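Student: File query29.tsv follows (TSV, C-alpha atoms):
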```
chain	number	residue	atom	x	y	z
L	1	MET	CA	88.74	121.22	149.64
L	2	ARG	CA	87.31	122.41	152.94
L	3	ARG	CA	87.18	118.83	154.20
L	4	ILE	CA	90.85	118.30	153.33
L	5	LYS	CA	91.79	121.44	155.25
L	6	ASP	CA	89.70	120.25	158.23
L	7	VAL	CA	91.45	116.89	158.18
L	8	ILE	CA	94.89	118.54	158.03
L	9	ARG	CA	93.96	120.80	160.95
L	10	ASP	CA	92.29	118.21	163.17
L	11	THR	CA	94.42	115.10	162.70
L	12	THR	CA	96.68	114.26	165.63
L	13	THR	CA	100.08	113.17	164.33
L	14	PRO	CA	103.46	112.43	165.93
L	15	SER	CA	106.09	115.16	165.75
L	16	TRP	CA	108.31	113.31	163.23
L	17	LEU	CA	105.63	113.54	160.57
L	18	GLU	CA	106.26	116.74	158.62
L	19	SER	CA	103.00	118.62	158.63
L	20	VAL	CA	101.52	120.17	155.52
L	21	PRO	CA	100.39	123.81	155.44
L	22	HIS	CA	97.05	124.29	157.22
L	23	ASN	CA	95.94	126.58	154.41
L	24	TYR	CA	96.79	123.99	151.72
L	25	GLY	CA	95.34	125.07	148.37
L	26	ASP	CA	95.51	128.80	149.06
L	27	ALA	CA	98.02	130.90	147.15
L	28	ALA	CA	99.55	131.97	150.48
L	29	ALA	CA	100.49	128.39	151.34
L	30	GLY	CA	103.27	128.41	148.74
L	31	THR	CA	104.35	125.35	146.78
L	32	VAL	CA	103.91	121.94	148.37
L	33	LYS	CA	107.18	120.05	148.65
L	34	ALA	CA	107.66	116.38	147.71
L	35	ASP	CA	107.46	115.01	151.26
L	36	GLU	CA	104.40	117.14	151.93
L	37	TRP	CA	102.79	115.79	148.75
L	38	ARG	CA	103.45	112.28	149.98
L	39	ASN	CA	101.88	112.96	153.37
L	40	LEU	CA	98.95	114.70	151.71
L	41	SER	CA	98.33	111.90	149.25
L	42	THR	CA	98.86	108.97	151.60
L	43	ILE	CA	97.30	110.39	154.80
L	44	PHE	CA	95.18	113.51	154.63
L	45	ILE	CA	93.51	113.34	151.20
L	46	PRO	CA	92.40	109.67	151.53
L	47	LEU	CA	91.01	110.33	155.02
L	48	ALA	CA	89.00	113.26	153.68
L	49	LEU	CA	87.81	111.54	150.49
L	50	ILE	CA	86.80	108.25	152.12
L	51	SER	CA	84.88	110.09	154.83
L	52	MET	CA	82.99	112.06	152.16
L	53	TRP	CA	82.51	109.50	149.38
L	54	GLY	CA	83.20	106.09	150.95
L	55	LYS	CA	80.79	103.30	151.87
L	56	GLY	CA	77.93	104.60	154.02
L	57	SER	CA	78.24	108.26	152.97
L	58	SER	CA	75.14	110.22	151.93
L	59	HIS	CA	74.75	111.95	148.59
L	60	SER	CA	72.16	114.12	146.85
L	61	SER	CA	71.33	111.41	144.30
L	62	PRO	CA	72.17	107.71	143.72
L	63	GLN	CA	73.94	108.67	140.45
L	64	ASN	CA	76.20	111.01	142.37
L	65	ALA	CA	76.89	108.32	144.95
L	66	ILE	CA	78.00	105.88	142.24
L	67	LYS	CA	80.06	108.51	140.42
L	68	PHE	CA	81.93	109.63	143.52
L	69	ARG	CA	82.46	106.06	144.64
L	70	HIS	CA	84.09	105.28	141.31
L	71	ILE	CA	86.35	108.30	141.57
L	72	LEU	CA	87.25	107.35	145.15
L	73	ASP	CA	88.07	103.70	144.36
L	74	HIS	CA	90.15	104.86	141.42
L	75	THR	CA	92.02	107.45	143.49
L	76	MET	CA	92.62	104.86	146.22
L	77	LEU	CA	94.46	102.69	143.70
L	78	LEU	CA	96.93	105.54	143.22
L	79	VAL	CA	97.16	106.08	146.99
L	80	SER	CA	97.87	102.36	147.47
L	81	ALA	CA	100.48	102.43	144.71
L	82	ILE	CA	102.27	105.39	146.33
L	83	SER	CA	102.20	103.78	149.79
L	84	LEU	CA	103.50	100.50	148.39
L	85	ALA	CA	106.26	102.16	146.39
L	86	CYS	CA	107.43	104.16	149.43
L	87	MET	CA	107.64	101.16	151.79
L	88	ARG	CA	110.93	100.89	153.64
L	89	THR	CA	111.24	97.18	152.89
L	90	MET	CA	110.52	95.78	149.46
L	91	THR	CA	109.43	92.31	148.47
L	92	GLN	CA	108.54	90.65	145.19
L	93	THR	CA	104.88	90.57	146.24
L	94	ARG	CA	104.88	94.27	147.10
L	95	ALA	CA	106.43	95.15	143.76
L	96	SER	CA	103.75	93.17	141.93
L	97	ALA	CA	101.00	94.61	144.15
L	98	TYR	CA	102.29	98.07	143.15
L	99	MET	CA	102.12	97.03	139.51
L	100	ASP	CA	98.53	95.76	139.92
L	101	CYS	CA	97.39	99.00	141.60
L	102	MET	CA	99.15	101.19	139.06
L	103	THR	CA	97.81	99.20	136.08
L	104	GLY	CA	94.27	99.41	137.48
L	105	TYR	CA	94.69	103.13	138.02
L	106	LEU	CA	96.06	103.87	134.55
L	107	LYS	CA	93.51	101.64	132.82
L	108	ASP	CA	90.59	103.59	134.28
L	109	LEU	CA	92.22	107.02	134.24
L	110	VAL	CA	90.98	108.08	130.81
L	111	ILE	CA	87.55	106.50	131.42
L	112	ILE	CA	86.88	108.18	134.76
L	113	HIS	CA	88.58	111.46	133.86
L	114	PRO	CA	88.02	111.73	130.06
L	115	GLU	CA	89.61	115.18	129.94
L	116	THR	CA	93.03	113.80	130.92
L	117	ASN	CA	95.72	112.39	128.68
L	118	TYR	CA	98.50	109.99	129.51
L	119	ARG	CA	101.73	111.72	130.43
L	120	PRO	CA	105.36	110.53	130.24
L	121	ASN	CA	105.29	110.12	134.04
L	122	HIS	CA	102.47	107.59	133.73
L	123	HIS	CA	104.63	105.59	131.36
L	124	MET	CA	107.61	105.82	133.67
L	125	SER	CA	105.60	104.67	136.66
L	126	MET	CA	105.20	101.30	134.91
L	127	HIS	CA	108.98	100.82	134.90
L	128	LEU	CA	109.20	101.26	138.66
L	129	PRO	CA	108.55	97.59	139.62
L	130	TYR	CA	111.70	96.53	137.75
L	131	PHE	CA	113.77	98.99	139.74
L	132	LEU	CA	112.07	97.95	142.97
L	133	ARG	CA	113.11	94.36	142.24
L	134	LEU	CA	116.64	95.35	141.18
L	135	PHE	CA	117.52	97.97	143.76
L	136	GLY	CA	115.13	97.47	146.68
L	137	PRO	CA	113.28	100.19	148.61
L	138	VAL	CA	113.08	103.55	146.85
L	139	ARG	CA	114.59	105.38	149.81
L	140	SER	CA	118.04	104.10	148.91
L	141	TRP	CA	117.98	105.29	145.32
L	142	TRP	CA	115.45	108.09	144.95
L	143	CYS	CA	116.70	111.49	143.87
L	144	PHE	CA	115.53	113.50	146.87
L	145	PRO	CA	119.04	113.95	148.36
L	146	PHE	CA	120.07	115.55	145.05
L	147	GLU	CA	116.86	117.54	144.86
L	148	ARG	CA	117.61	118.89	148.32
L	149	LEU	CA	121.11	119.85	147.20
L	150	ILE	CA	119.66	121.64	144.16
L	151	GLY	CA	117.31	123.46	146.54
L	152	GLN	CA	120.29	124.59	148.63
L	153	ILE	CA	122.17	125.72	145.53
L	154	GLN	CA	119.10	127.59	144.29
L	155	ARG	CA	118.94	129.56	147.50
L	156	LEU	CA	122.58	130.66	147.21
L	157	LEU	CA	123.07	134.24	146.08
L	158	SER	CA	124.63	134.52	142.65
L	159	ASN	CA	125.33	137.23	140.08
L	160	HIS	CA	123.89	135.06	137.27
L	161	LYS	CA	127.34	134.61	135.73
L	162	ILE	CA	128.36	131.02	135.20
L	163	GLY	CA	131.96	130.14	135.96
L	164	GLY	CA	132.84	133.49	137.57
L	165	SER	CA	133.52	134.02	141.25
L	166	PHE	CA	130.87	135.64	143.40
M	1	MET	CA	126.52	120.37	135.66
M	2	GLU	CA	125.56	116.82	136.81
M	3	SER	CA	129.16	115.95	137.69
M	4	THR	CA	129.47	119.16	139.76
M	5	LEU	CA	126.33	118.19	141.63
M	6	LEU	CA	127.48	114.62	142.17
M	7	GLN	CA	130.92	115.75	143.29
M	8	SER	CA	129.65	118.28	145.78
M	9	PHE	CA	127.15	115.73	147.07
M	10	LEU	CA	129.89	113.12	147.55
M	11	ARG	CA	132.19	115.65	149.19
M	12	ALA	CA	129.48	116.67	151.63
M	13	ALA	CA	128.79	113.01	152.44
M	14	LYS	CA	132.51	112.33	153.00
M	15	LEU	CA	132.83	115.41	155.20
M	16	ARG	CA	129.87	114.33	157.30
M	17	ARG	CA	131.32	110.83	157.66
M	18	TRP	CA	134.70	112.25	158.70
M	19	LEU	CA	133.15	114.54	161.30
M	20	ALA	CA	131.14	111.68	162.75
M	21	LYS	CA	134.11	109.29	163.09
M	22	PRO	CA	136.19	109.07	166.30
M	23	ASP	CA	139.50	109.65	164.39
M	24	CYS	CA	138.43	113.22	163.64
M	25	PRO	CA	140.73	115.81	165.35
M	26	PRO	CA	139.27	117.69	168.34
M	27	VAL	CA	139.45	121.03	166.50
M	28	MET	CA	137.15	119.67	163.81
M	29	LYS	CA	134.89	118.22	166.50
M	30	GLU	CA	134.35	121.77	167.75
M	31	CYS	CA	133.50	122.84	164.21
M	32	LYS	CA	130.99	119.98	164.07
M	33	ALA	CA	129.25	121.31	167.16
M	34	LEU	CA	128.90	124.65	165.34
M	35	PHE	CA	127.70	122.98	162.12
M	36	ASP	CA	125.13	121.02	164.07
M	37	LYS	CA	123.83	124.24	165.56
M	38	ILE	CA	123.45	125.82	162.13
M	39	TYR	CA	122.37	122.98	159.86
M	40	LEU	CA	120.79	120.31	162.01
M	41	THR	CA	117.03	119.93	161.60
M	42	LYS	CA	115.35	122.23	164.02
M	43	VAL	CA	113.56	120.40	166.78
M	44	SER	CA	111.50	122.58	169.08
M	45	ASP	CA	112.90	123.07	172.59
M	46	SER	CA	109.94	121.38	174.18
M	47	ASP	CA	110.77	118.21	172.26
M	48	ILE	CA	114.41	118.11	173.36
M	49	SER	CA	114.12	119.09	177.00
M	50	GLY	CA	113.36	116.12	179.16
M	51	THR	CA	115.19	113.62	176.98
M	52	ILE	CA	118.43	115.32	177.92
M	53	GLY	CA	117.83	115.52	181.65
M	54	GLU	CA	116.29	112.06	181.75
M	55	ASP	CA	119.23	110.39	183.49
M	56	THR	CA	119.50	112.96	186.20
M	57	MET	CA	115.80	113.01	187.02
M	58	GLU	CA	114.84	112.66	190.65
M	59	PRO	CA	112.45	109.87	191.68
M	60	VAL	CA	108.97	111.06	192.56
M	61	PRO	CA	106.16	109.33	194.47
M	62	ALA	CA	104.15	107.18	192.04
M	63	PRO	CA	100.65	108.44	191.15
M	64	VAL	CA	97.76	106.49	192.69
M	65	ASP	CA	96.72	104.77	189.43
M	66	LEU	CA	100.14	103.11	189.15
M	67	HIS	CA	100.08	101.63	192.66
M	68	ALA	CA	98.44	98.41	191.42
M	69	PHE	CA	101.40	97.74	189.08
M	70	LEU	CA	104.05	98.71	191.60
M	71	LYS	CA	102.48	96.78	194.47
M	72	GLY	CA	102.04	99.77	196.73
M	73	PRO	CA	103.33	103.35	196.86
M	74	LYS	CA	106.87	103.67	195.57
M	75	GLN	CA	109.39	106.24	194.38
M	76	ILE	CA	109.85	106.08	190.60
M	77	ILE	CA	111.39	108.15	187.82
M	78	MET	CA	108.73	109.55	185.53
M	79	PRO	CA	110.08	111.16	182.36
M	80	ALA	CA	107.61	113.01	180.13
M	81	ARG	CA	109.10	111.37	177.05
M	82	VAL	CA	111.34	108.49	176.17
M	83	ARG	CA	113.44	107.73	173.09
M	84	HIS	CA	113.37	104.20	171.71
M	85	ASN	CA	115.15	103.26	168.45
M	86	GLY	CA	115.44	106.97	167.66
M	87	ILE	CA	111.74	107.67	168.01
M	88	ILE	CA	110.32	109.83	170.77
M	89	TYR	CA	107.27	108.64	172.67
M	90	SER	CA	105.61	111.03	175.10
M	91	THR	CA	102.77	111.04	177.55
M	92	ALA	CA	99.45	112.37	176.27
M	93	LYS	CA	99.85	115.43	178.51
M	94	THR	CA	103.17	116.35	176.88
M	95	HIS	CA	102.46	115.74	173.19
M	96	LYS	CA	99.23	114.04	172.14
M	97	GLY	CA	100.52	112.96	168.71
M	98	ASN	CA	103.66	111.36	170.17
M	99	SER	CA	101.58	109.47	172.74
M	100	LEU	CA	99.46	107.59	170.20
M	101	VAL	CA	101.03	104.16	169.66
M	102	GLN	CA	99.95	100.81	168.30
M	103	PHE	CA	101.35	97.91	170.31
M	104	TYR	CA	101.39	94.13	170.13
M	105	PRO	CA	99.45	92.77	173.11
M	106	ARG	CA	101.91	90.98	175.45
M	107	GLY	CA	104.59	91.62	172.82
M	108	ASN	CA	103.16	88.87	170.60
M	109	ARG	CA	104.07	89.87	167.04
M	110	ASP	CA	101.55	87.49	165.49
M	111	SER	CA	98.65	89.42	166.93
M	112	SER	CA	97.15	92.60	165.50
M	113	PRO	CA	98.56	95.83	166.95
M	114	ILE	CA	96.16	97.71	169.22
M	115	PRO	CA	95.97	101.53	169.27
M	116	ALA	CA	96.44	103.19	172.63
M	117	SER	CA	97.40	106.47	174.24
M	118	ILE	CA	100.33	106.69	176.68
M	119	LYS	CA	99.33	108.12	180.05
M	120	HIS	CA	102.48	107.61	182.11
M	121	ILE	CA	106.06	106.71	181.33
M	122	TYR	CA	108.07	105.44	184.28
M	123	ARG	CA	111.33	103.78	185.05
M	124	ASP	CA	111.45	101.11	187.73
M	125	GLY	CA	114.98	99.86	188.19
M	126	LYS	CA	116.55	99.64	184.74
M	127	LYS	CA	113.35	99.00	182.80
M	128	THR	CA	111.05	101.56	181.25
M	129	TYR	CA	107.32	100.89	181.25
M	130	LEU	CA	104.47	102.67	179.55
M	131	ALA	CA	101.05	102.86	181.20
M	132	ILE	CA	98.45	103.14	178.44
M	133	HIS	CA	94.73	103.43	177.82
M	134	ARG	CA	93.51	101.39	174.85
M	135	GLN	CA	91.38	103.07	172.24
M	136	LEU	CA	87.96	101.35	172.45
M	137	PRO	CA	86.72	99.51	169.34
M	138	ALA	CA	83.80	101.00	167.44
M	139	ASP	CA	80.41	99.35	167.88
M	140	ASN	CA	79.55	96.72	165.28
M	141	ALA	CA	76.70	98.75	163.78
M	142	ILE	CA	79.05	101.29	162.25
M	143	ILE	CA	80.07	100.84	158.61
M	144	ASP	CA	83.83	101.11	158.21
M	145	PRO	CA	84.42	102.66	154.78
M	146	PHE	CA	88.19	102.30	155.23
M	147	ALA	CA	88.06	98.49	155.36
M	148	LEU	CA	87.78	98.27	151.58
M	149	TYR	CA	91.29	99.54	150.96
M	150	PRO	CA	93.89	97.06	152.22
M	151	TYR	CA	96.88	99.26	151.46
M	152	PHE	CA	95.45	102.20	153.35
M	153	PRO	CA	95.75	100.88	156.91
M	154	ALA	CA	93.03	102.96	158.52
M	155	LYS	CA	90.22	101.68	160.73
M	156	ILE	CA	87.35	103.23	162.64
M	157	TYR	CA	87.51	103.09	166.43
M	158	SER	CA	85.49	104.72	169.16
M	159	SER	CA	86.86	108.12	170.12
M	160	GLN	CA	86.72	106.99	173.76
M	161	LEU	CA	89.66	105.50	175.61
M	162	SER	CA	89.30	102.44	177.78
M	163	PRO	CA	89.12	103.38	181.50
M	164	THR	CA	91.52	100.58	182.47
M	165	LEU	CA	95.22	101.32	182.62
M	166	GLU	CA	97.56	98.71	181.12
M	167	LEU	CA	101.30	98.27	181.32
M	168	ILE	CA	103.35	97.73	178.15
M	169	GLN	CA	107.03	97.64	177.29
M	170	LEU	CA	108.85	99.71	174.70
M	171	ASP	CA	109.63	96.62	172.58
M	172	TRP	CA	105.95	95.89	172.13
M	173	ILE	CA	105.35	99.08	170.16
M	174	PHE	CA	104.47	98.62	166.49
M	175	SER	CA	104.39	102.28	165.42
M	176	HIS	CA	102.85	105.67	165.95
M	177	TYR	CA	99.46	106.32	164.43
M	178	ALA	CA	97.53	109.33	163.15
M	179	GLN	CA	94.10	109.93	164.60
M	180	TRP	CA	91.27	111.96	163.16
M	181	ASN	CA	87.84	112.37	164.73
M	182	ILE	CA	85.47	111.54	161.91
M	183	SER	CA	82.46	112.27	164.15
M	184	THR	CA	81.92	113.06	167.81
M	185	ASP	CA	81.76	109.35	168.70
M	186	HIS	CA	84.22	107.82	166.28
M	187	SER	CA	87.76	108.40	165.17
M	188	VAL	CA	89.91	107.00	162.39
M	189	VAL	CA	93.15	105.31	163.34
M	190	LEU	CA	95.76	105.30	160.56
M	191	SER	CA	98.93	103.30	161.10
M	192	LEU	CA	102.06	105.26	160.18
M	193	ASN	CA	104.32	102.23	159.93
M	194	ARG	CA	106.10	102.30	156.58
M	195	VAL	CA	107.84	98.96	157.00
M	196	CYS	CA	104.96	96.51	157.04
M	197	VAL	CA	101.32	96.81	156.19
M	198	CYS	CA	99.25	96.57	159.31
M	199	HIS	CA	97.43	93.28	159.92
M	200	LEU	CA	94.25	95.01	160.94
M	201	CYS	CA	93.19	95.71	157.38
M	202	SER	CA	93.92	92.31	155.83
M	203	ARG	CA	90.77	92.18	153.79
M	204	ASN	CA	90.26	91.88	150.06
M	205	LEU	CA	90.09	94.84	147.72
M	206	THR	CA	86.82	95.63	146.02
M	207	ASP	CA	85.52	93.01	143.60
M	208	LYS	CA	86.55	95.31	140.80
M	209	TYR	CA	90.24	94.56	141.20
M	210	PRO	CA	90.35	90.91	142.26
M	211	GLY	CA	93.92	90.47	141.00
M	212	ILE	CA	95.41	92.38	143.94
M	213	LYS	CA	97.13	90.08	146.42
M	214	LEU	CA	97.91	90.70	150.04
M	215	PHE	CA	101.19	90.00	151.77
```
Could you render the structure from this file as structure tokens?
Tutor:
Amino acid sequence: MRRIKDVIRDTTTPSWLESVPHNYGDAAAGTVKADEWRNLSTIFIPLALISMWGKGSSHSSPQNAIKFRHILDHTMLLVSAISLACMRTMTQTRASAYMDCMTGYLKDLVIIHPETNYRPNHHMSMHLPYFLRLFGPVRSWWCFPFERLIGQIQRLLSNHKIGGSF
Amino acid sequence: MESTLLQSFLRAAKLRRWLAKPDCPPVMKECKALFDKIYLTKVSDSDISGTIGEDTMEPVPAPVDLHAFLKGPKQIIMPARVRHNGIIYSTAKTHKGNSLVQFYPRGNRDSSPIPASIKHIYRDGKKTYLAIHRQLPADNAIIDPFALYPYFPAKIYSSQLSPTLELIQLDWIFSHYAQWNISTDHSVVLSLNRVCVCHLCSRNLTDKYPGIKLF
């Protein structure tokens, strides 16, 4: 966790990249928004994890080294899948590469993390390649514009009465 | 509930389109200026200033390190930042993150983009040039743990910049990159291009997942 915070603090990024809270993980940081999650999972977390557990890193025991390496390779499949799915141009090959990464990730999920169970979202992620092929890059059909609208509506003051005027 | 959401979303989109079109009455244009002030994404003042006054900037004597490119001392316009295809690039002195760019050497799109830091931006005649220092490659002895993941386009470089200054054009730029100093001598360069996967990591995934193809 400390390494992730260090990476967030010390990485030099252009101004268009929305930064994530420096105190990520603390209660004071508040909830992480979707775009921040994406930046965390495709930039900051992989940088931190690879530098700690990747090839050439040192560990207390060889067993630990193997264990962490497995977790890292597995996590990187998810990172790759997210990056591929969020690409601004979509091709048949990219959609199938996404499918390969996601299948690899889901196959090993319950082996590497035995305490986890498959969730409906895992199932839905397998449908994504069809939509990528049908509709193209996710940016043109994802629900974030609506989510943002819901966010704006949530922030409006109301008297909790539906249908009435404020 | 869903139809209310969809309707308000469509109305907002139509309103924005109307305000942006030239057939919009001047009164509404004034309202747009107000809307922009309230709702437009906040960009810090330091990011805007400079791009606005760019056209009215006075020429200044060129710094000594640019003399070689200009063939002698000359008066040039030196903005601190420049906008190209909607993206702002700045000199390292102005904003370090905005100065880190990967570019195609000599504009050749078949070659691998090279990371560099912009030192000067100058306009000579109509053309804008960027004077950059390349990020030096890491020595061969270092193990690059990032090379194993082809869809995570990060690579280890030296944290030093090349002492030679090079001239590049705006069209040669591939994208911005994120840089993190992994140790005192080395830094990780992560391409932030979300259109194409960077060539520099075109290596195979671990043996464990041989089915994964590159593109």
Student: List the neighbours of stretch 173-179 of chain M out to 8 Å using all atoms listed in the file; skip same-chain residues closer than 3 positions along the sequence, and give me the result as an MDAnalysis selection string.
Tutor: (chainID L and resid 11:14) or (chainID M and resid 97:104 107 113 115 169:170 187:193)
Student: Write the residues of the preceding selection, restricted to C-alpha atoms, as a PDB file, in the frame of the given file.
Tutor:
```pdb
ATOM      1  CA  THR L  11      94.420 115.100 162.700  1.00  0.00           C
ATOM      2  CA  THR L  12      96.680 114.260 165.630  1.00  0.00           C
ATOM      3  CA  THR L  13     100.080 113.170 164.330  1.00  0.00           C
ATOM      4  CA  PRO L  14     103.460 112.430 165.930  1.00  0.00           C
TER       5      PRO L  14
ATOM      6  CA  GLY M  97     100.520 112.960 168.710  1.00  0.00           C
ATOM      7  CA  ASN M  98     103.660 111.360 170.170  1.00  0.00           C
ATOM      8  CA  SER M  99     101.580 109.470 172.740  1.00  0.00           C
ATOM      9  CA  LEU M 100      99.460 107.590 170.200  1.00  0.00           C
ATOM     10  CA  VAL M 101     101.030 104.160 169.660  1.00  0.00           C
ATOM     11  CA  GLN M 102      99.950 100.810 168.300  1.00  0.00           C
ATOM     12  CA  PHE M 103     101.350  97.910 170.310  1.00  0.00           C
ATOM     13  CA  TYR M 104     101.390  94.130 170.130  1.00  0.00           C
ATOM     14  CA  GLY M 107     104.590  91.620 172.820  1.00  0.00           C
ATOM     15  CA  PRO M 113      98.560  95.830 166.950  1.00  0.00           C
ATOM     16  CA  PRO M 115      95.970 101.530 169.270  1.00  0.00           C
ATOM     17  CA  GLN M 169     107.030  97.640 177.290  1.00  0.00           C
ATOM     18  CA  LEU M 170     108.850  99.710 174.700  1.00  0.00           C
ATOM     19  CA  SER M 187      87.760 108.400 165.170  1.00  0.00           C
ATOM     20  CA  VAL M 188      89.910 107.000 162.390  1.00  0.00           C
ATOM     21  CA  VAL M 189      93.150 105.310 163.340  1.00  0.00           C
ATOM     22  CA  LEU M 190      95.760 105.300 160.560  1.00  0.00           C
ATOM     23  CA  SER M 191      98.930 103.300 161.100  1.00  0.00           C
ATOM     24  CA  LEU M 192     102.060 105.260 160.180  1.00  0.00           C
ATOM     25  CA  ASN M 193     104.320 102.230 159.930  1.00  0.00           C
TER      26      ASN M 193
END
```
Student: Point out the residue among M:Phe146, M:Asp185, M:Cys24, M:Leu165 with the least atom-to-atom distance to L:Trp53, counting all atoms listed in the file.
Tutor: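 Answer, going by the shortest atom-to-atom distance: M:Phe146.
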Student: Write out as number ranges by chain which residues come within 12 Å of L:Tyr118 when counting only C-alpha atoms, dropping same-chain ones fewer than 5 positions away.
Tutor: L: 105-111, 113, 123-125
Student: Please provide the set of residues having any atom within 7 Å of M:Lys119, restricted to only C-alpha atoms, with same-chain residues fewer than 3 positions apart removed, written as a PyMOL selection string.
Tutor: chain M and resi 91-92+131-133
Student: What does the file look like for those residues with C-alpha atoms, as a compact mmCIF listing (two decimals), in the frame of the given file?
Tutor:
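As a result, result.txt now contains:
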```txt
# COMPACT_ATOMS: atom_id res chain seq x y z
CA THR M 91 102.77 111.04 177.55
CA ALA M 92 99.45 112.37 176.27
CA ALA M 131 101.05 102.86 181.20
CA ILE M 132 98.45 103.14 178.44
CA HIS M 133 94.73 103.43 177.82
```
Student: Using all atoms listed in the file, select each residue of chain L with any atom at most 8 Å away from an atom of chain M, and give the selection as a PyMOL selection string.
Tutor: chain L and resi 7+10-15+42-43+50-51+54-56+76+79-80+83-84+86-89+93-94+97+100-101+104+146+149-150
Student: By how many Å are atom CA of L:Ser41 and atom CA of L:Leu72 apart?
Tutor: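 One can read the atom CA of L:Ser41 to atom CA of L:Leu72 distance as 12.7 Å.
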Student: Which centre and edge lengths in Å to one decimal define the box along x, y and z that fits every listed atom of stretch 55-72 of chain L plus 5 Å per side, as AutoDock Vina command-line options?
Tutor:
```
--center_x 79.3 --center_y 108.7 --center_z 147.2 --size_x 25.9 --size_y 20.8 --size_z 23.6
```
Student: One decimal, Å: what's the distance from atom CA of M:Leu130 over to atom CA of M:Ile114, could you say?
Tutor: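 Computing the Euclidean distance for atom CA of M:Leu130 and atom CA of M:Ile114 yields 14.2 Å.
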Student: Using atom CA of M:Pro79 and atom CA of M:Thr94 as the two end points, give the distance in Å to one decimal.
Tutor: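 Result for atom CA of M:Pro79 versus atom CA of M:Thr94: 10.2 Å, one decimal.
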Student: Select, from M:Lys37, M:Arg134, M:Lys32, M:Lys74, the residue with the minimum atom-to-atom distance to M:Pro105, counting only C-alpha atoms.
Tutor: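 Among the listed residues, M:Arg134 lies closest to M:Pro105.
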Student: Give me the residues within 9 Å of L:Arg133 as number ranges by chain, counting all atoms listed in the file and dropping any in the same chain fewer than 5 places off.
Tutor: L: 90-92, 95, 128
Student: Given all atoms listed in the file as the basis, pick out the residue of M:Asn85, M:Gln7, M:Asn140, M:Ser111 nearest to M:Tyr157.
Tutor: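 Among the listed residues, M:Asn140 lies closest to M:Tyr157.
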Student: Could you list as a short mmCIF file (atom, residue, chain, number, x, y, z; two decimals) with C-alpha atoms, in the frame of the given file every residue that has an atom within 12 Å of (98.8, 124.7, 148.6), using the file's coordinates and counting all atoms listed in the file?
Tutor:
```cif
data_model
loop_
_atom_site.label_atom_id
_atom_site.label_comp_id
_atom_site.auth_asym_id
_atom_site.auth_seq_id
_atom_site.Cartn_x
_atom_site.Cartn_y
_atom_site.Cartn_z
CA MET L 1 88.74 121.22 149.64
CA ILE L 4 90.85 118.30 153.33
CA LYS L 5 91.79 121.44 155.25
CA ILE L 8 94.89 118.54 158.03
CA VAL L 20 101.52 120.17 155.52
CA PRO L 21 100.39 123.81 155.44
CA HIS L 22 97.05 124.29 157.22
CA ASN L 23 95.94 126.58 154.41
CA TYR L 24 96.79 123.99 151.72
CA GLY L 25 95.34 125.07 148.37
CA ASP L 26 95.51 128.80 149.06
CA ALA L 27 98.02 130.90 147.15
CA ALA L 28 99.55 131.97 150.48
CA ALA L 29 100.49 128.39 151.34
CA GLY L 30 103.27 128.41 148.74
CA THR L 31 104.35 125.35 146.78
CA VAL L 32 103.91 121.94 148.37
CA LYS L 33 107.18 120.05 148.65
CA GLU L 36 104.40 117.14 151.93
CA TRP L 37 102.79 115.79 148.75
CA LEU L 40 98.95 114.70 151.71
#
```
